[in-house]
Every structure is written in structure tokens, then in C-alpha cells.
>>> print(open('query02.pdb').read())   # PDB, C-alpha atoms (C1' of nucleotides)
ATOM      1  CA  MET A  11      85.714 178.311  82.026
ATOM      2  CA  GLU A  12      88.019 175.375  82.832
ATOM      3  CA  THR A  13      88.128 173.857  86.288
ATOM      4  CA  SER A  14      91.599 175.186  87.081
ATOM      5  CA  ASN A  15      90.329 178.738  86.711
ATOM      6  CA  VAL A  16      87.172 177.873  88.630
ATOM      7  CA  ILE A  17      89.328 176.706  91.525
ATOM      8  CA  GLU A  18      91.493 179.811  91.304
ATOM      9  CA  SER A  19      88.382 182.010  91.340
ATOM     10  CA  PHE A  20      86.730 180.278  94.300
ATOM     11  CA  SER A  21      90.010 180.312  96.133
ATOM     12  CA  ALA A  22      90.291 184.052  95.519
ATOM     13  CA  LEU A  23      86.828 184.696  96.936
ATOM     14  CA  ALA A  24      87.293 182.331  99.885
ATOM     15  CA  GLN A  25      88.989 184.968 101.997
ATOM     16  CA  GLU A  26      87.303 187.633 104.063
ATOM     17  CA  THR A  27      89.219 190.673 102.818
ATOM     18  CA  ARG A  28      89.137 189.595  99.192
ATOM     19  CA  LEU A  29      85.416 188.840  99.251
ATOM     20  CA  ALA A  30      84.855 192.277 100.802
ATOM     21  CA  VAL A  31      87.004 193.880  98.102
ATOM     22  CA  PHE A  32      85.080 192.191  95.345
ATOM     23  CA  ARG A  33      81.681 193.088  96.770
ATOM     24  CA  LEU A  34      82.794 196.673  97.238
ATOM     25  CA  LEU A  35      84.066 196.871  93.673
ATOM     26  CA  VAL A  36      80.795 195.495  92.324
ATOM     27  CA  ARG A  37      78.957 198.287  94.082
ATOM     28  CA  GLN A  38      81.417 200.829  92.649
ATOM     29  CA  GLU A  39      80.854 199.768  89.071
ATOM     30  CA  PRO A  40      81.595 201.125  86.578
ATOM     31  CA  ASP A  41      83.923 203.666  88.238
ATOM     32  CA  GLY A  42      86.158 201.345  90.203
ATOM     33  CA  LEU A  43      88.328 202.277  93.158
ATOM     34  CA  ALA A  44      92.030 202.988  93.656
ATOM     35  CA  ALA A  45      94.164 200.445  95.507
ATOM     36  CA  GLY A  46      94.907 202.859  98.309
ATOM     37  CA  GLU A  47      91.262 203.754  98.676
ATOM     38  CA  LEU A  48      90.381 200.071  98.990
ATOM     39  CA  ALA A  49      93.038 199.649 101.665
ATOM     40  CA  ARG A  50      91.762 202.675 103.535
ATOM     41  CA  GLN A  51      88.076 201.791 103.352
ATOM     42  CA  LEU A  52      88.675 198.217 104.503
ATOM     43  CA  SER A  53      91.362 199.128 107.070
ATOM     44  CA  VAL A  54      94.016 196.869 105.586
ATOM     45  CA  PRO A  55      97.751 197.750 105.243
ATOM     46  CA  HIS A  56      98.855 198.691 101.738
ATOM     47  CA  ALA A  57     101.166 195.739 101.230
ATOM     48  CA  THR A  58      98.515 193.291 102.376
ATOM     49  CA  MET A  59      95.863 194.802 100.138
ATOM     50  CA  SER A  60      98.247 194.729  97.218
ATOM     51  CA  ALA A  61      98.819 191.010  97.735
ATOM     52  CA  HIS A  62      95.082 190.363  97.843
ATOM     53  CA  LEU A  63      94.463 192.440  94.744
ATOM     54  CA  SER A  64      97.058 190.458  92.877
ATOM     55  CA  VAL A  65      95.272 187.220  93.813
ATOM     56  CA  LEU A  66      91.938 188.584  92.597
ATOM     57  CA  SER A  67      93.621 189.857  89.474
ATOM     58  CA  ARG A  68      95.351 186.575  88.647
ATOM     59  CA  ALA A  69      92.010 184.823  89.027
ATOM     60  CA  GLY A  70      90.478 187.267  86.561
ATOM     61  CA  LEU A  71      87.920 188.629  89.003
ATOM     62  CA  VAL A  72      89.206 192.190  88.803
ATOM     63  CA  VAL A  73      90.988 194.305  86.232
ATOM     64  CA  SER A  74      93.124 197.387  86.767
ATOM     65  CA  ARG A  75      94.376 200.399  84.915
ATOM     66  CA  ARG A  76      96.758 203.134  85.909
ATOM     67  CA  GLN A  77      95.357 206.606  86.272
ATOM     68  CA  GLY A  78      97.979 209.124  87.208
ATOM     69  CA  ARG A  79      99.626 207.960  90.403
ATOM     70  CA  SER A  80      96.779 205.637  91.291
ATOM     71  CA  ILE A  81      95.869 202.215  90.019
ATOM     72  CA  ILE A  82      92.139 201.824  89.630
ATOM     73  CA  TYR A  83      90.595 198.412  90.168
ATOM     74  CA  ARG A  84      87.273 197.304  88.751
ATOM     75  CA  ALA A  85      85.218 194.158  89.199
ATOM     76  CA  ASN A  86      85.176 191.921  86.139
ATOM     77  CA  LEU A  87      81.479 191.113  85.958
ATOM     78  CA  ASN A  88      81.869 188.956  82.869
ATOM     79  CA  HIS A  89      84.235 186.698  84.748
ATOM     80  CA  MET A  90      81.825 186.366  87.640
ATOM     81  CA  GLN A  91      79.093 185.596  85.165
ATOM     82  CA  GLU A  92      81.178 182.752  83.758
ATOM     83  CA  ALA A  93      81.909 181.383  87.228
ATOM     84  CA  ILE A  94      78.217 181.389  88.085
ATOM     85  CA  ARG A  95      77.442 179.706  84.799
ATOM     86  CA  PHE A  96      79.879 176.929  85.687
ATOM     87  CA  LEU A  97      78.225 176.364  89.044
ATOM     88  CA  VAL A  98      74.768 176.399  87.568
ATOM     89  CA  ARG A  99      75.683 173.910  84.887
ATOM     90  CA  ASP A 100      77.066 171.444  87.429
ATOM     91  CA  CYS A 101      74.395 172.099  89.939
ATOM     92  CA  CYS A 102      71.440 172.014  87.615
ATOM     93  CA  ALA A 103      72.657 169.186  85.415
ATOM     94  CA  GLY A 104      69.536 167.093  85.284
ATOM     95  CA  HIS A 105      68.018 168.858  88.284
ATOM     96  CA  PRO A 106      65.526 171.437  87.035
ATOM     97  CA  GLU A 107      63.981 171.557  90.501
ATOM     98  CA  VAL A 108      67.041 173.602  91.488
ATOM     99  CA  CYS A 109      67.510 175.468  88.254
ATOM    100  CA  GLY A 110      63.915 176.563  87.916
ATOM    101  CA  PRO A 111      63.566 178.532  91.170
ATOM    102  CA  LEU A 112      66.961 180.151  90.527
ATOM    103  CA  ALA A 113      65.907 181.329  87.112
ATOM    104  CA  GLU A 114      62.671 182.679  88.544
ATOM    105  CA  SER A 115      64.476 184.639  91.216
ATOM    106  CA  LEU A 116      66.711 186.114  88.542
ATOM    107  CA  ILE A 117      63.808 187.132  86.351
ATOM    108  CA  GLY A 118      61.936 188.693  89.229
ATOM    109  CA  TYR A 119      65.022 190.491  90.400
ATOM    110  CA  THR A 120      64.806 194.135  91.480
ATOM    111  CA  PRO A 121      67.963 195.993  92.554
ATOM    112  CA  ASN A 122      66.343 197.320  95.732
ATOM    113  CA  GLN A 123      66.398 194.151  97.794
ATOM    114  CA  ASP A 124      69.636 194.138  99.756
ATOM    115  CA  LYS A 125      68.932 191.954 102.750
ATOM    116  CA  GLU A 126      71.196 189.115 103.895
TER
ATOM    117  CA  MET B   1      73.466 182.751 103.603
ATOM    118  CA  GLU B   2      75.920 184.826 105.678
ATOM    119  CA  THR B   3      79.349 185.675 104.378
ATOM    120  CA  SER B   4      81.153 183.338 106.782
ATOM    121  CA  ASN B   5      79.349 180.376 105.283
ATOM    122  CA  VAL B   6      79.903 181.730 101.787
ATOM    123  CA  ILE B   7      83.635 181.814 102.459
ATOM    124  CA  GLU B   8      83.531 178.320 103.943
ATOM    125  CA  SER B   9      81.666 177.056 100.888
ATOM    126  CA  PHE B  10      83.967 178.661  98.331
ATOM    127  CA  SER B  11      86.942 177.462 100.295
ATOM    128  CA  ALA B  12      85.548 173.942 100.230
ATOM    129  CA  LEU B  13      85.132 174.006  96.456
ATOM    130  CA  ALA B  14      88.506 175.655  95.840
ATOM    131  CA  GLN B  15      90.371 172.351  95.893
ATOM    132  CA  GLU B  16      90.714 169.923  93.034
ATOM    133  CA  THR B  17      89.641 166.733  94.789
ATOM    134  CA  ARG B  18      86.748 168.361  96.593
ATOM    135  CA  LEU B  19      85.432 170.054  93.458
ATOM    136  CA  ALA B  20      85.620 166.689  91.695
ATOM    137  CA  VAL B  21      83.776 165.027  94.576
ATOM    138  CA  PHE B  22      81.014 167.587  94.488
ATOM    139  CA  ARG B  23      80.569 167.400  90.728
ATOM    140  CA  LEU B  24      80.485 163.624  90.891
ATOM    141  CA  LEU B  25      77.889 163.683  93.649
ATOM    142  CA  VAL B  26      75.700 166.089  91.682
ATOM    143  CA  ARG B  27      75.704 163.632  88.805
ATOM    144  CA  GLN B  28      74.832 160.798  91.191
ATOM    145  CA  GLU B  29      71.773 162.513  92.567
ATOM    146  CA  PRO B  30      69.590 161.428  94.180
ATOM    147  CA  ASP B  31      71.329 158.148  94.988
ATOM    148  CA  GLY B  32      74.626 159.452  96.365
ATOM    149  CA  LEU B  33      77.844 157.471  96.710
ATOM    150  CA  ALA B  34      79.661 155.739  99.578
ATOM    151  CA  ALA B  35      82.837 157.332 100.951
ATOM    152  CA  GLY B  36      84.928 154.360  99.883
ATOM    153  CA  GLU B  37      83.458 154.425  96.416
ATOM    154  CA  LEU B  38      84.342 158.117  96.090
ATOM    155  CA  ALA B  39      87.907 157.376  97.192
ATOM    156  CA  ARG B  40      88.170 154.534  94.698
ATOM    157  CA  GLN B  41      86.682 156.396  91.750
ATOM    158  CA  LEU B  42      88.870 159.443  92.309
ATOM    159  CA  SER B  43      91.992 157.461  93.272
ATOM    160  CA  VAL B  44      92.452 159.146  96.641
ATOM    161  CA  PRO B  45      93.511 157.386  99.884
ATOM    162  CA  HIS B  46      90.686 156.750 102.355
ATOM    163  CA  ALA B  47      92.020 159.026 105.062
ATOM    164  CA  THR B  48      92.540 161.881 102.642
ATOM    165  CA  MET B  49      89.076 161.499 101.160
ATOM    166  CA  SER B  50      87.576 161.391 104.616
ATOM    167  CA  ALA B  51      89.244 164.705 105.466
ATOM    168  CA  HIS B  52      87.929 166.285 102.274
ATOM    169  CA  LEU B  53      84.428 164.969 102.869
ATOM    170  CA  SER B  54      84.430 166.463 106.314
ATOM    171  CA  VAL B  55      85.343 169.869 104.861
ATOM    172  CA  LEU B  56      82.515 169.660 102.317
ATOM    173  CA  SER B  57      80.191 168.495 105.048
ATOM    174  CA  ARG B  58      81.075 171.298 107.456
ATOM    175  CA  ALA B  59      80.445 173.796 104.666
ATOM    176  CA  GLY B  60      77.008 172.259 104.112
ATOM    177  CA  LEU B  61      77.686 171.262 100.527
ATOM    178  CA  VAL B  62      77.127 167.551 101.164
ATOM    179  CA  VAL B  63      75.079 165.473 103.570
ATOM    180  CA  SER B  64      75.655 161.894 104.673
ATOM    181  CA  ARG B  65      73.774 158.981 106.152
ATOM    182  CA  ARG B  66      74.941 155.586 107.305
ATOM    183  CA  GLN B  67      73.736 152.596 105.352
ATOM    184  CA  GLY B  68      75.010 149.375 106.798
ATOM    185  CA  ARG B  69      78.783 149.535 106.891
ATOM    186  CA  SER B  70      78.941 152.363 104.382
ATOM    187  CA  ILE B  71      78.342 156.067 104.735
ATOM    188  CA  ILE B  72      76.525 157.473 101.756
ATOM    189  CA  TYR B  73      77.239 161.040 100.703
ATOM    190  CA  ARG B  74      74.888 163.220  98.678
ATOM    191  CA  ALA B  75      75.243 166.684  97.191
ATOM    192  CA  ASN B  76      73.169 169.316  98.974
ATOM    193  CA  LEU B  77      71.647 171.102  96.000
ATOM    194  CA  ASN B  78      69.720 173.546  98.151
ATOM    195  CA  HIS B  79      72.944 174.749  99.672
ATOM    196  CA  MET B  80      74.506 175.245  96.268
ATOM    197  CA  GLN B  81      71.408 177.111  95.204
ATOM    198  CA  GLU B  82      71.843 179.484  98.144
ATOM    199  CA  ALA B  83      75.512 180.023  97.345
ATOM    200  CA  ILE B  84      74.678 180.870  93.732
ATOM    201  CA  ARG B  85      71.950 183.199  94.884
ATOM    202  CA  PHE B  86      74.490 185.039  97.031
ATOM    203  CA  LEU B  87      76.836 185.483  94.102
ATOM    204  CA  VAL B  88      74.082 186.604  91.803
ATOM    205  CA  ARG B  89      72.817 189.166  94.278
ATOM    206  CA  ASP B  90      76.279 190.711  94.667
ATOM    207  CA  CYS B  91      77.134 190.427  91.035
ATOM    208  CA  CYS B  92      73.878 191.679  89.625
ATOM    209  CA  ALA B  93      73.238 194.392  92.168
ATOM    210  CA  GLY B  94      72.354 197.236  89.866
ATOM    211  CA  HIS B  95      73.836 195.459  86.841
ATOM    212  CA  PRO B  96      71.010 193.894  84.847
ATOM    213  CA  GLU B  97      73.337 193.621  81.855
ATOM    214  CA  VAL B  98      74.950 190.709  83.698
ATOM    215  CA  CYS B  99      71.865 189.349  85.358
ATOM    216  CA  GLY B 100      69.734 189.309  82.226
ATOM    217  CA  PRO B 101      71.889 186.994  80.091
ATOM    218  CA  LEU B 102      72.338 184.674  83.075
ATOM    219  CA  ALA B 103      68.615 184.389  83.577
ATOM    220  CA  GLU B 104      68.131 183.706  79.887
ATOM    221  CA  SER B 105      70.705 180.943  79.885
ATOM    222  CA  LEU B 106      68.946 179.384  82.864
ATOM    223  CA  ILE B 107      65.546 179.544  81.250
ATOM    224  CA  GLY B 108      66.788 178.130  77.994
ATOM    225  CA  TYR B 109      68.689 175.396  79.775
ATOM    226  CA  THR B 110      68.559 171.850  78.480
ATOM    227  CA  PRO B 111      70.387 169.038  80.322
ATOM    228  CA  ASN B 112      72.089 167.789  77.165
ATOM    229  CA  GLN B 113      74.655 170.537  76.723
ATOM    230  CA  ASP B 114      77.790 169.418  78.545
ATOM    231  CA  LYS B 115      80.628 171.281  76.896
ATOM    232  CA  GLU B 116      83.350 173.088  78.827
TER
ATOM    233  C1'  DT C  27     115.911 217.641  89.290
ATOM    234  C1'  DC C  28     113.822 216.908  93.763
ATOM    235  C1'  DC C  29     110.051 215.756  96.600
ATOM    236  C1'  DA C  30     105.624 213.866  97.850
ATOM    237  C1'  DT C  31     102.269 210.412  96.778
ATOM    238  C1'  DA C  32     100.618 205.773  95.197
ATOM    239  C1'  DT C  33     101.674 200.997  94.617
ATOM    240  C1'  DT C  34     104.093 197.141  94.243
ATOM    241  C1'  DT C  35     107.865 193.891  95.351
ATOM    242  C1'  DC C  36     110.834 191.716  98.716
ATOM    243  C1'  DC C  37     111.193 188.836 102.423
ATOM    244  C1'  DA C  38     110.582 186.334 106.519
ATOM    245  C1'  DA C  39     107.508 184.913 110.229
ATOM    246  C1'  DA C  40     102.952 183.049 111.524
ATOM    247  C1'  DA C  41      98.955 180.562 110.449
ATOM    248  C1'  DT C  42      96.350 177.381 107.945
ATOM    249  C1'  DT C  43      95.575 173.477 104.931
ATOM    250  C1'  DA C  44      96.669 169.044 102.710
ATOM    251  C1'  DT C  45      98.395 164.325 102.993
ATOM    252  C1'  DG C  46      98.296 159.640 104.221
ATOM    253  C1'  DG C  47      99.948 155.594 107.267
ATOM    254  C1'  DA C  48      98.553 153.518 111.504
ATOM    255  C1'  DA C  49      95.288 152.988 115.072
ATOM    256  C1'  DT C  50      90.417 153.192 116.360
ATOM    257  C1'  DT C  51      85.401 152.827 115.935
ATOM    258  C1'  DA C  52      81.038 150.742 113.634
ATOM    259  C1'  DT C  53      78.517 147.233 111.415
ATOM    260  C1'  DT C  54      77.412 142.769 109.465
ATOM    261  C1'  DG C  55      77.724 137.831 108.807
ATOM    262  C1'  DG C  56      79.096 133.247 110.447
TER
ATOM    263  C1'  DC D  17      82.320 136.323 120.044
ATOM    264  C1'  DC D  18      85.343 136.737 116.027
ATOM    265  C1'  DA D  19      86.793 138.094 111.518
ATOM    266  C1'  DA D  20      86.156 141.031 107.618
ATOM    267  C1'  DT D  21      84.756 145.344 105.747
ATOM    268  C1'  DA D  22      83.927 150.531 105.826
ATOM    269  C1'  DA D  23      85.009 154.905 107.730
ATOM    270  C1'  DT D  24      86.842 158.030 110.705
ATOM    271  C1'  DT D  25      90.252 159.928 113.922
ATOM    272  C1'  DC D  26      95.011 160.614 115.276
ATOM    273  C1'  DC D  27      99.159 162.641 114.308
ATOM    274  C1'  DA D  28     103.208 164.319 112.213
ATOM    275  C1'  DT D  29     105.123 166.191 107.951
ATOM    276  C1'  DA D  30     104.877 168.956 103.906
ATOM    277  C1'  DA D  31     103.018 172.596 101.340
ATOM    278  C1'  DT D  32     100.627 176.771 100.783
ATOM    279  C1'  DT D  33      98.652 181.074 102.232
ATOM    280  C1'  DT D  34      98.445 185.232 104.913
ATOM    281  C1'  DT D  35     100.622 189.251 106.862
ATOM    282  C1'  DG D  36     102.915 193.555 106.923
ATOM    283  C1'  DG D  37     107.329 196.417 107.583
ATOM    284  C1'  DA D  38     110.941 198.073 104.747
ATOM    285  C1'  DA D  39     112.794 198.906 100.297
ATOM    286  C1'  DA D  40     112.075 199.697  95.479
ATOM    287  C1'  DT D  41     109.407 201.560  91.437
ATOM    288  C1'  DA D  42     106.400 204.857  89.018
ATOM    289  C1'  DT D  43     104.069 209.316  88.405
ATOM    290  C1'  DG D  44     103.161 214.179  88.656
ATOM    291  C1'  DG D  45     104.089 218.805  90.158
ATOM    292  C1'  DA D  46     107.179 222.706  91.629
TER
END
>>> encode(input="query02.pdb", output="C-alpha cells")
Amino acid sequence: METSNVIESFSALAQETRLAVFRLLVRQEPDGLAAGELARQLSVPHATMSAHLSVLSRAGLVVSRRQGRSIIYRANLNHMQEAIRFLVRDCCAGHPEVCGPLAESLIGYTPNQDKE
Amino acid sequence: METSNVIESFSALAQETRLAVFRLLVRQEPDGLAAGELARQLSVPHATMSAHLSVLSRAGLVVSRRQGRSIIYRANLNHMQEAIRFLVRDCCAGHPEVCGPLAESLIGYTPNQDKE
DNA sequence: TCCATATTTCCAAAATTATGGAATTATTGG
DNA sequence: CCAATAATTCCATAATTTTGGAAATATGGA
């Protein structure tokens, strides 16, 4: 992933509604959610939600497909994976004391822990 | 890490100069770099760099200490680690097909690979 | 075809962020 | 104390982002 896309992706997630949308879509995988349903669940006007979805979409963080009258949005987990990889590479570069614990926490990961 | 700080951190990194500053500081660990040196190396006016550093600092991504006339900035790797952990938790939640490969690439990490 | 539903596009106002010269605040050396 | 160096703060301008009502576009069913 090149830095211009990294910036676009961080910028997309650096907004309350959009971060909430992305997190919600991750939890809805692999089904996704319709645009209107996202607007309703997050109490955001249609036009505003549409603008946010287009930002997330341009960044590559979500993908959409039409299904009847609705447009279903899904989180693009591969893209997120690439973004994380970018951060890890820069962050760990020569600093295994950071990388190590991260890797451990990934290995020991169990889906049940959901605390902040 | 709470979502407000996550947003602040992403927002801080979602800007060309600031992302460059952070990456440079990671490579300079653990010595850090003076504010003026950062401005010079990245060809940014002092006042502008100072504003960017204060954004990174407020987000917790960098820390600073005075040394004589200079103020030395360092990357806060622990903070970055927390930010990555947040992403991974949301991204992997119930999706080991994403989490697994990430963990592998962390385990198999060697500092020499530096491709984009 | 006509109507209801789902979304997006248009557009303009409000809010936030970025920029950088000039002034101000610290620190060190003579 | 004074001059030089290093940074930050002040402040105004420019640029970008966010917001959401109203209009336009697309789809499916009667």
C-alpha cells in the first residue's frame, strides 16, 4: 500500500460516524448492511451517510453491490489488513520489542474478548 | 484505547507531513530528532512544523523533552502499538482468516525487508 | 405506466484544519 | 546583560471537510 492510500484510509477512519460504520460492518461480515439500514442504526440522515460511505469507499475500506433497491455495503477486510501491515512495518522497523508483544497478542487471540 | 483517542491518532497520521514526521522518528529511535532538524529535513517552515508536532503530541504519537536550546521529539511506539491493537481487535473480531496471516507476517518479520 | 422505496447527487452554509510570517519565550555562551 | 539560536504562540488567510434538505436517479411491484 502506498502512502497516499494510507493517508486516505486513516483520514476515512478519523471521523466518528465513519469509524462507527466500519466497526459495524466488520461485525456484520460477511452479510453486509444496506446504506439505509446503516443510516437508521447510527441515526444519521441519508445524504450524510451517503457522503461518508463514499469516503470509505474511495479509500477502499468498504465495497458495495446493488441488491434490488438497496445497496449493500461490506467491510473490505483485506484492505484493513494491508493498512495494519503498513503500520506494523513502520512501527516495528528495527523494534522487535514492539512487534513481539503484538504478534503474541494476535496468536493468543480469542474472539470472545470484547472489552475496551 | 478509547475511540476518541483512536480518531485523534488516525487524524494525526492522515496528513502527509505528519505521517512523514512519524515515520522518520520511528527510524530515529531511540535517539529522536530536534524540532528544527525535522523542519529542515522535511523542508517545512518552523511554524508549520511546530503546529504539526503539537497535533502528533496531543494524539500521543510522539513525546518531547527539552535538551538545551532544542526540543527533541521521539516516536511513542507504545501508543502506536495500542492503536494497532485497536484496529486488529475490530478487524479480526470473529475473522481469523484475516488475523492469522497478519500474525504470521509479524512472527516471520525480519527488519531487512523495506519494500513498498 | 405509475407509484413507493432506496440511494445518490447537488449545492450552499458551517465548521475545522493547514499554512506561514511576525512576534514572543527559552536557553546558552561571551 | 546582550546577542544568537531554537521553538512556540499569535493571527489571519486559504483550503478542505462536514452537514443535510431538496432534487434527481434507479429499481421493483401493481
>>> resolve_selection(input="query02.pdb", expression="the PyMOL selection byres ((chain B) within 7 of (chain C))", output="list in words")
Pro45, Ala47, Thr48, Gly68 and Arg69 of chain B
>>> atom_distance(input="query02.pdb", atom1="C1' of DG36 (chain D)", atom2="CA of Ala12 (chain B)")
27.0 Å
>>> resolve_selection(input="query02.pdb", expression="the PyMOL selection byres ((chain B) within 12 of (chain D))", output="ChimeraX atom specification")
/B:34-37,39,45-54,66-72
>>> resolve_selection(input="query02.pdb", expression="the PyMOL selection byres ((chain B and resi 29) around 12)", output="PyMOL selection string")
(chain A and resi 100-105) or (chain B and resi 22-28+30-33+62-63+72-77)
>>> closest_residue(input="query02.pdb", among="B:Ala14, B:Leu61, B:Leu56, B:Ala20", to="Ala83 (chain B)", atoms="only C-alpha atoms")
B:Leu61
>>> axis_aligned_box(input="query02.pdb", around="region 29-41 of chain C", padding_each_side="4 Å", output="JSON")
{"center_x": 105.1, "center_y": 198.2, "center_z": 102.9, "size_x": 20.2, "size_y": 43.2, "size_z": 25.3}
>>> atom_distance(input="query02.pdb", atom1="CA of Leu13 (chain B)", atom2="CA of Ser21 (chain A)")
8.0 Å
